[in-house]
file query-v7.txt (compact mmCIF, C-alpha atoms)
# COMPACT_ATOMS: atom_id res chain seq x y z
CA MET B 15 0.00 0.00 0.00
CA ARG B 16 2.82 2.33 0.92
CA ASN B 17 4.63 1.62 -2.36
CA LYS B 18 1.40 2.22 -4.30
CA LEU B 19 0.86 5.57 -2.56
CA THR B 20 4.47 6.56 -3.24
CA THR B 21 4.01 5.67 -6.91
CA LEU B 22 0.80 7.76 -7.16
CA LEU B 23 2.43 10.76 -5.46
CA PHE B 24 5.50 10.48 -7.68
CA GLY B 25 3.27 10.30 -10.76
CA ALA B 26 1.29 13.35 -9.66
CA CYS B 27 4.48 15.31 -8.99
CA PHE B 28 5.90 14.29 -12.37
CA SER B 29 2.66 15.41 -14.07
CA LEU B 30 2.75 18.79 -12.30
CA GLN B 31 6.40 19.21 -13.23
CA ALA B 32 5.67 18.46 -16.89
CA TRP B 33 2.72 20.89 -16.85
CA ALA B 34 4.93 23.60 -15.32
CA SER B 35 7.50 22.94 -18.04
CA ASP B 36 4.80 23.44 -20.73
CA ILE B 37 3.79 26.72 -19.10
CA ASP B 38 7.38 27.95 -19.10
CA GLU B 39 7.82 27.04 -22.77
CA VAL B 40 4.52 28.36 -24.15
CA GLN B 41 4.23 31.59 -22.13
CA PRO B 42 7.07 33.47 -23.94
CA TRP B 43 5.57 32.56 -27.32
CA LEU B 44 2.14 33.92 -26.37
CA GLU B 45 3.70 37.14 -25.07
CA LYS B 46 5.71 37.50 -28.29
CA MET B 47 2.58 36.80 -30.37
CA HIS B 48 0.53 39.38 -28.46
CA GLN B 49 3.17 42.07 -28.91
CA ALA B 50 3.62 41.30 -32.61
CA ALA B 51 -0.11 41.76 -33.29
CA HIS B 52 0.12 45.45 -32.29
CA MET B 53 3.72 46.44 -33.08
CA LEU B 54 4.44 45.37 -36.67
CA ASN B 55 4.06 46.96 -40.09
CA TYR B 56 3.14 44.33 -42.65
CA GLU B 57 1.13 43.63 -45.79
CA GLY B 58 -0.18 40.28 -46.92
CA THR B 59 -3.02 38.02 -47.96
CA PHE B 60 -4.76 35.46 -45.80
CA VAL B 61 -7.53 32.94 -46.38
CA TYR B 62 -10.36 32.25 -43.98
CA GLY B 63 -12.18 28.95 -44.31
CA GLN B 64 -15.39 27.66 -42.73
CA GLN B 65 -17.31 24.60 -43.96
CA ASP B 66 -17.12 24.73 -47.77
CA GLN B 67 -16.64 28.51 -47.86
CA LEU B 68 -13.22 30.03 -48.41
CA SER B 69 -12.55 33.78 -48.38
CA SER B 70 -9.38 35.55 -49.42
CA ILE B 71 -8.57 38.88 -47.76
CA ARG B 72 -5.74 41.35 -48.22
CA ILE B 73 -4.50 43.03 -45.05
CA ILE B 74 -2.38 46.13 -44.49
CA HIS B 75 -1.38 46.79 -40.88
CA SER B 76 0.42 49.91 -39.68
CA VAL B 77 1.80 51.16 -36.37
CA SER B 78 3.13 54.73 -36.14
CA GLU B 79 3.08 57.79 -33.91
CA ASN B 80 -0.54 58.21 -35.07
CA GLY B 81 -1.51 54.86 -33.54
CA GLU B 82 -2.52 51.47 -34.89
CA ARG B 83 -4.35 51.28 -38.22
CA GLU B 84 -5.50 48.43 -40.41
CA ARG B 85 -7.15 47.92 -43.79
CA LEU B 86 -8.86 44.69 -44.84
CA ILE B 87 -9.92 44.24 -48.48
CA SER B 88 -12.09 41.34 -49.64
CA MET B 89 -10.64 39.59 -52.70
CA ASP B 90 -13.88 37.81 -53.66
CA GLY B 91 -15.02 40.47 -56.14
CA THR B 92 -17.38 42.46 -53.90
CA GLY B 93 -14.66 45.01 -53.07
CA ARG B 94 -15.84 45.24 -49.48
CA GLU B 95 -13.38 46.81 -47.04
CA VAL B 96 -12.95 47.24 -43.31
CA LEU B 97 -10.80 50.10 -42.00
CA ARG B 98 -9.70 50.20 -38.37
CA ASP B 99 -8.25 53.35 -36.84
CA GLY B 100 -7.82 52.93 -33.09
CA ASP B 101 -11.30 52.02 -31.82
CA ARG B 102 -13.07 53.37 -34.90
CA VAL B 103 -14.22 50.88 -37.55
CA THR B 104 -15.41 51.82 -41.04
CA CYS B 105 -17.13 49.16 -43.17
CA ILE B 106 -17.42 49.89 -46.90
CA TYR B 107 -20.00 48.07 -49.07
CA PRO B 108 -19.50 48.97 -52.77
CA ASP B 109 -22.36 46.69 -53.85
CA SER B 110 -24.87 48.87 -51.96
CA GLN B 111 -22.74 52.05 -52.09
CA SER B 112 -22.95 52.46 -48.34
CA VAL B 113 -20.51 53.03 -45.48
CA MET B 114 -21.05 52.16 -41.80
CA VAL B 115 -18.92 53.79 -39.10
CA GLU B 116 -18.95 52.45 -35.53
CA LYS B 117 -16.88 51.69 -32.47
CA SER B 118 -14.97 48.42 -32.58
CA ARG B 119 -15.42 45.64 -30.08
CA PRO B 120 -12.25 44.32 -28.42
CA ARG B 121 -12.39 40.92 -30.13
CA ALA B 122 -13.17 42.16 -33.65
CA LYS B 123 -9.64 41.66 -34.96
CA PHE B 124 -7.97 39.80 -37.79
CA PRO B 125 -5.75 37.87 -37.41
CA PRO B 126 -7.46 36.19 -34.44
CA MET B 127 -6.32 37.24 -30.97
CA PHE B 128 -5.37 35.04 -28.02
CA PRO B 129 -4.83 35.85 -24.34
CA VAL B 130 -1.30 36.38 -23.05
CA LYS B 131 -1.56 34.77 -19.61
CA ILE B 132 -1.87 31.00 -19.59
CA GLY B 133 -2.75 30.92 -15.89
CA GLU B 134 -6.29 32.07 -16.70
CA LEU B 135 -6.75 29.12 -19.09
CA ASN B 136 -5.00 26.20 -17.41
CA ASN B 137 -8.12 24.88 -15.63
CA HIS B 138 -9.89 24.36 -18.94
CA TYR B 139 -7.13 23.97 -21.56
CA GLN B 140 -3.81 22.13 -21.83
CA LEU B 141 -1.14 24.12 -23.74
CA SER B 142 2.01 22.67 -25.27
CA LEU B 143 4.57 23.21 -28.04
CA ALA B 144 3.91 21.00 -31.08
CA GLY B 145 7.02 21.22 -33.25
CA LYS B 146 8.17 23.42 -36.13
CA ASP B 147 6.57 24.08 -39.53
CA LYS B 148 6.43 26.63 -42.37
CA VAL B 149 3.58 28.95 -43.37
CA ALA B 150 3.76 31.22 -46.47
CA GLY B 151 7.42 30.18 -46.69
CA GLU B 152 8.15 31.47 -43.18
CA PRO B 153 9.41 29.28 -40.27
CA THR B 154 6.92 28.91 -37.41
CA GLN B 155 6.50 27.37 -33.97
CA LYS B 156 3.32 25.32 -33.51
CA ILE B 157 1.34 25.61 -30.27
CA LEU B 158 -1.43 23.16 -29.35
CA ILE B 159 -4.30 24.25 -27.08
CA GLU B 160 -6.43 21.26 -26.05
CA PRO B 161 -9.72 21.61 -24.10
CA ARG B 162 -10.06 19.61 -20.89
CA ASP B 163 -13.79 19.01 -21.48
CA ASN B 164 -16.26 18.71 -24.38
CA LEU B 165 -17.74 22.19 -23.90
CA ARG B 166 -15.15 24.09 -25.98
CA TYR B 167 -12.96 23.71 -29.05
CA GLY B 168 -9.21 23.22 -29.34
CA HIS B 169 -6.73 25.43 -31.21
CA LEU B 170 -3.57 24.79 -33.20
CA LEU B 171 -1.44 27.91 -33.74
CA TRP B 172 1.48 28.59 -36.08
CA VAL B 173 3.56 31.50 -34.71
CA HIS B 174 6.25 33.21 -36.81
CA ASP B 175 9.68 32.30 -35.42
CA LYS B 176 11.25 35.72 -35.93
CA THR B 177 8.48 38.26 -35.29
CA GLY B 178 5.93 36.26 -33.27
CA LEU B 179 3.06 37.14 -35.63
CA LEU B 180 0.29 34.55 -35.78
CA LEU B 181 0.40 33.17 -39.35
CA LYS B 182 -2.08 30.30 -39.16
CA THR B 183 -4.73 28.81 -36.86
CA ASN B 184 -6.95 25.75 -36.90
CA LEU B 185 -10.03 25.57 -34.71
CA LEU B 186 -10.48 21.90 -33.76
CA ASN B 187 -13.76 20.19 -32.86
CA GLU B 188 -14.30 17.37 -30.38
CA ASN B 189 -13.02 14.88 -33.01
CA ASN B 190 -9.83 16.93 -33.44
CA LYS B 191 -10.90 17.93 -36.97
CA PRO B 192 -10.52 21.54 -38.27
CA VAL B 193 -13.87 23.36 -38.41
CA GLU B 194 -12.41 26.81 -39.05
CA GLN B 195 -9.07 27.85 -40.53
CA PHE B 196 -7.10 31.05 -40.92
CA MET B 197 -3.81 31.17 -42.83
CA PHE B 198 -1.52 33.72 -44.45
CA THR B 199 -0.63 32.74 -48.02
CA GLN B 200 1.70 35.69 -48.52
CA ILE B 201 3.21 38.27 -46.16
CA ILE B 202 5.94 40.93 -46.18
CA PHE B 203 7.21 42.96 -43.22
CA LEU B 204 7.88 46.66 -43.85
CA ASP B 205 9.63 49.52 -42.06
CA ASP B 206 6.64 51.81 -42.60
CA ILE B 207 3.30 51.95 -44.43
CA PRO B 208 2.39 54.97 -46.61
CA GLU B 209 -0.80 56.77 -45.56
CA GLU B 210 -2.45 56.29 -48.97
CA ALA B 211 -2.20 52.49 -48.60
CA LEU B 212 -4.61 52.71 -45.65
CA GLU B 213 -7.23 54.77 -47.48
CA PRO B 214 -10.12 53.22 -49.47
CA ASP B 215 -10.32 53.60 -53.25
CA ILE B 216 -13.80 55.18 -53.33
CA ASN B 217 -15.40 58.51 -54.10
CA LYS B 218 -16.94 59.43 -50.72
CA GLU B 219 -19.61 61.58 -52.37
CA ASP B 220 -21.04 58.56 -54.21
CA PHE B 221 -21.68 56.63 -50.99
CA THR B 222 -24.32 56.92 -48.26
CA TRP B 223 -22.70 57.17 -44.83
CA TYR B 224 -24.20 55.78 -41.62
CA GLU B 225 -22.85 56.48 -38.14
CA ALA B 226 -23.79 53.94 -35.47
CA SER B 227 -24.99 55.53 -32.24
CA ASN B 228 -22.90 54.83 -29.15
CA LYS B 229 -25.70 55.76 -26.77
CA PRO B 230 -27.00 52.77 -24.82
CA LEU B 231 -30.66 51.95 -25.30
CA SER B 232 -32.80 51.96 -22.17
CA THR B 233 -34.83 48.88 -21.34
CA GLU B 234 -38.57 49.13 -21.79
CA ALA B 235 -40.08 49.16 -18.29
CA GLY B 236 -37.55 46.58 -17.14
CA GLN B 237 -38.81 44.01 -19.65
CA THR B 238 -35.44 42.25 -19.97
CA SER B 239 -33.81 43.19 -16.67
CA ASP B 240 -35.31 40.13 -14.97
CA TRP B 241 -33.90 37.57 -17.40
CA HIS B 242 -31.35 35.22 -15.82
CA ILE B 243 -29.07 32.48 -17.08
CA ALA B 244 -28.87 29.62 -14.60
CA THR B 245 -26.15 27.48 -16.20
CA ILE B 246 -22.88 28.85 -17.58
CA PRO B 247 -20.03 26.40 -18.38
CA PRO B 248 -17.10 26.44 -15.92
CA GLY B 249 -14.60 29.18 -16.71
CA PHE B 250 -17.00 31.37 -18.70
CA LYS B 251 -17.55 34.87 -17.32
CA GLN B 252 -19.73 37.73 -18.53
CA ASP B 253 -17.74 39.88 -20.91
CA MET B 254 -20.41 42.35 -21.98
CA SER B 255 -24.08 43.20 -21.47
CA ARG B 256 -25.94 45.87 -23.39
CA MET B 257 -29.23 46.79 -25.05
CA HIS B 258 -29.04 47.58 -28.76
CA ARG B 259 -30.84 47.17 -32.03
CA ILE B 260 -29.87 44.60 -34.63
CA PRO B 261 -31.07 44.26 -38.25
CA ASN B 262 -34.62 42.90 -38.66
CA SER B 263 -35.39 43.50 -34.98
CA VAL B 264 -38.20 45.92 -34.13
CA THR B 265 -37.46 46.22 -30.41
CA PRO B 266 -34.14 46.54 -28.52
CA VAL B 267 -32.26 43.30 -27.94
CA ASP B 268 -30.68 42.25 -24.65
CA HIS B 269 -27.23 41.09 -25.76
CA ARG B 270 -24.83 39.35 -23.35
CA VAL B 271 -21.41 37.90 -24.11
CA TYR B 272 -19.66 35.23 -22.04
CA SER B 273 -16.01 34.20 -22.52
CA ASP B 274 -13.47 31.81 -21.01
CA GLY B 275 -10.54 33.78 -22.45
CA LEU B 276 -10.54 31.91 -25.76
CA ALA B 277 -14.10 30.92 -26.64
CA SER B 278 -17.02 33.34 -26.51
CA VAL B 279 -20.80 32.88 -26.54
CA SER B 280 -23.48 35.49 -27.27
CA VAL B 281 -26.97 35.39 -25.77
CA PHE B 282 -29.73 37.43 -27.46
CA ILE B 283 -33.10 38.00 -25.75
CA GLU B 284 -35.73 39.88 -27.75
CA LYS B 285 -39.50 40.21 -28.01
CA ASP B 286 -40.94 37.49 -30.23
CA ASP B 287 -42.15 39.00 -33.50
CA LYS B 288 -45.03 36.78 -34.61
CA LYS B 289 -44.69 38.15 -38.16
CA SER B 290 -41.11 36.99 -38.47
CA GLY B 291 -40.39 33.49 -39.73
CA ASP B 292 -36.65 33.85 -39.21
CA ASN B 293 -36.55 32.79 -35.57
CA LEU B 294 -34.39 29.76 -34.85
CA PHE B 295 -35.92 26.84 -32.94
CA GLY B 296 -33.60 24.09 -31.78
CA GLY B 297 -30.05 23.77 -33.06
CA SER B 298 -28.21 25.03 -36.13
CA HIS B 299 -24.60 25.39 -37.17
CA MET B 300 -22.33 26.90 -39.82
CA GLY B 301 -18.78 25.63 -39.65
CA ALA B 302 -17.49 26.22 -36.14
CA VAL B 303 -20.43 28.41 -35.13
CA ASN B 304 -23.29 26.67 -33.33
CA ALA B 305 -26.62 28.24 -32.37
CA HIS B 306 -29.64 27.26 -30.31
CA GLY B 307 -33.02 29.03 -30.14
CA ARG B 308 -36.27 28.82 -28.20
CA ASN B 309 -39.31 30.88 -27.20
CA LEU B 310 -40.27 31.73 -23.62
CA LYS B 311 -42.95 34.06 -22.24
CA GLY B 312 -43.34 35.99 -25.50
CA TYR B 313 -39.60 36.40 -26.03
CA HIS B 314 -37.17 34.64 -28.34
CA ILE B 315 -33.82 33.48 -26.97
CA THR B 316 -30.88 32.76 -29.27
CA VAL B 317 -27.45 31.55 -28.14
CA VAL B 318 -24.57 31.67 -30.65
CA GLY B 319 -20.87 30.87 -30.30
CA GLU B 320 -17.77 29.13 -31.65
CA VAL B 321 -18.31 26.23 -29.24
CA PRO B 322 -19.91 22.77 -29.54
CA HIS B 323 -23.70 22.63 -29.79
CA ALA B 324 -23.91 21.06 -26.34
CA THR B 325 -22.58 24.31 -24.88
CA VAL B 326 -25.03 26.70 -26.56
CA LYS B 327 -27.92 24.32 -25.81
CA MET B 328 -26.94 24.14 -22.13
CA ILE B 329 -26.94 27.93 -21.86
CA GLY B 330 -30.08 28.50 -23.94
CA GLU B 331 -32.21 25.98 -22.08
CA SER B 332 -31.20 27.49 -18.72
CA VAL B 333 -32.40 31.04 -19.54
CA HIS B 334 -35.44 31.90 -17.44
CA TYR B 335 -37.53 34.87 -16.39
CA ARG B 336 -37.65 35.78 -12.71
CA GLU B 337 -39.94 38.65 -11.78
CA SER B 338 -38.62 41.22 -9.34
CA PRO B 339 -40.44 41.52 -6.01
call {"tool": "encode", "arguments": {"input": "query-v7.txt", "output": "structure tokens"}}
result
Amino acid sequence: MRNKLTTLLFGACFSLQAWASDIDEVQPWLEKMHQAAHMLNYEGTFVYGQQDQLSSIRIIHSVSENGERERLISMDGTGREVLRDGDRVTCIYPDSQSVMVEKSRPRAKFPPMFPVKIGELNNHYQLSLAGKDKVAGEPTQKILIEPRDNLRYGHLLWVHDKTGLLLKTNLLNENNKPVEQFMFTQIIFLDDIPEEALEPDINKEDFTWYEASNKPLSTEAGQTSDWHIATIPPGFKQDMSRMHRIPNSVTPVDHRVYSDGLASVSVFIEKDDKKSGDNLFGGSHMGAVNAHGRNLKGYHITVVGEVPHATVKMIGESVHYRESP
């Protein structure tokens, strides 16, 4: 019995030591990757794949005394562009000759962003180095992020050896198969980016401009203030909560975002529009994105996220209305 206990303790200590070694090896790469995302001037083309859809996007990223700027140009023929200047985002739609200007959300970035501190993730993910590889002709270090349960996806990252820029990612489902991919096909690093390269090729007078309001919408007589979510997966915390309007919605929508540091889930609660046939009932998915919808007390609840369907269903089915005293 004593020998068995000694063996178990030794095994546990060895496991902890190996885990600590992984932390020490991966942490510098994540810090380097985080810094590279905001400190480099570069121009390139990346592809974004989901299910059978593949999009090609040109990116120009600049950092100067004027701050961080970025220009994304769709290469699929629509000519759509996204311009980021600090926290200001401008979306250009040549097909409808319209422009939308709004404040950016922290996670609305390409290439995808990842947290710097592993300590916040270790309870729900196992991180390790996974060998060397090449992307767009550039040497990279691979990093594997494996979930410790079936409520979230895994990630495989390819980080540029020299600069630390993230050059490729695979989002892996519960069967370890890619359900979403991002990869640079061509990239060059530059000393500086000319201002004209960050400006759109449009005649501003020919387009209709829309400015999104930043004023929060008030709830209607507390109609959504009493909605509660009983079950949130371990590690997920509320990242955002606000009332706003979305396309095709007549009334304000209660929008809440929950995140574990890597994965995020959005919960939408809105008045059920009997005239609308677009409401989702049950489950649906597109690539890595799963959704679950249901009706309750005259409201429609939709949960969407890049997580397995079991996760969005768990959250959606636990939403309930609790009247205030």
call {"tool": "atom_distance", "arguments": {"input": "query-v7.txt", "atom1": "atom CA of B:Tyr272", "atom2": "atom CA of B:Gly296"}}
result
20.3 Å
call {"tool": "closest_residue", "arguments": {"input": "query-v7.txt", "among": "B:Ser70, B:Ser273, B:Thr92, B:Gly133", "to": "B:Ile37", "atoms": "all atoms listed in the file"}}
result
B:Gly133
call {"tool": "closest_residue", "arguments": {"input": "query-v7.txt", "among": "B:Gly178, B:Pro161, B:Gly151, B:Gly275", "to": "B:Gln200", "atoms": "all atoms listed in the file"}}
result
B:Gly151
call {"tool": "closest_residue", "arguments": {"input": "query-v7.txt", "among": "B:Asn184, B:Gln64, B:Asn164, B:Thr325", "to": "B:His138", "atoms": "all atoms listed in the file"}}
result
B:Asn164
call {"tool": "atom_distance", "arguments": {"input": "query-v7.txt", "atom1": "atom CA of B:Lys146", "atom2": "atom CA of B:His52"}}
result
23.8 Å
call {"tool": "closest_residue", "arguments": {"input": "query-v7.txt", "among": "B:Pro248, B:Gly301, B:Gly93, B:Pro42", "to": "B:Arg166", "atoms": "all atoms listed in the file"}}
result
B:Pro248
call {"tool": "residues_around", "arguments": {"input": "query-v7.txt", "residues": "B:Val321", "least_positions_apart": "6", "cutoff": "9 Å", "atoms": "all atoms listed in the file", "output": "MDAnalysis selection string"}}
result
chainID B and resid 165:167 187 277:279 302:304
call {"tool": "closest_residue", "arguments": {"input": "query-v7.txt", "among": "B:Asn309, B:Arg270, B:Leu170, B:Trp241", "to": "B:Asp253", "atoms": "only C-alpha atoms"}}
result
B:Arg270
call {"tool": "atom_distance", "arguments": {"input": "query-v7.txt", "atom1": "atom CA of B:Gln111", "atom2": "atom CA of B:Val96"}}
result
14.0 Å
call {"tool": "closest_residue", "arguments": {"input": "query-v7.txt", "among": "B:Asp287, B:Glu209, B:Asp268, B:Glu194", "to": "B:Gly63", "atoms": "all atoms listed in the file"}}
result
B:Glu194
call {"tool": "residues_around", "arguments": {"input": "query-v7.txt", "residues": "B:Asp175", "least_positions_apart": "4", "cutoff": "10 Å", "atoms": "all atoms listed in the file", "output": "PDB file with C-alpha atoms, in the coordinates of the input"}}
result
ATOM      1  CA  TRP B  43       5.570  32.560 -27.320  1.00  0.00           C
ATOM      2  CA  LYS B  46       5.710  37.500 -28.290  1.00  0.00           C
ATOM      3  CA  MET B  47       2.580  36.800 -30.370  1.00  0.00           C
ATOM      4  CA  LYS B 146       8.170  23.420 -36.130  1.00  0.00           C
ATOM      5  CA  ASP B 147       6.570  24.080 -39.530  1.00  0.00           C
ATOM      6  CA  LYS B 148       6.430  26.630 -42.370  1.00  0.00           C
ATOM      7  CA  GLU B 152       8.150  31.470 -43.180  1.00  0.00           C
ATOM      8  CA  PRO B 153       9.410  29.280 -40.270  1.00  0.00           C
ATOM      9  CA  THR B 154       6.920  28.910 -37.410  1.00  0.00           C
ATOM     10  CA  GLN B 155       6.500  27.370 -33.970  1.00  0.00           C
ATOM     11  CA  LYS B 156       3.320  25.320 -33.510  1.00  0.00           C
ATOM     12  CA  LEU B 179       3.060  37.140 -35.630  1.00  0.00           C
ATOM     13  CA  LEU B 180       0.290  34.550 -35.780  1.00  0.00           C
TER      14      LEU B 180
END
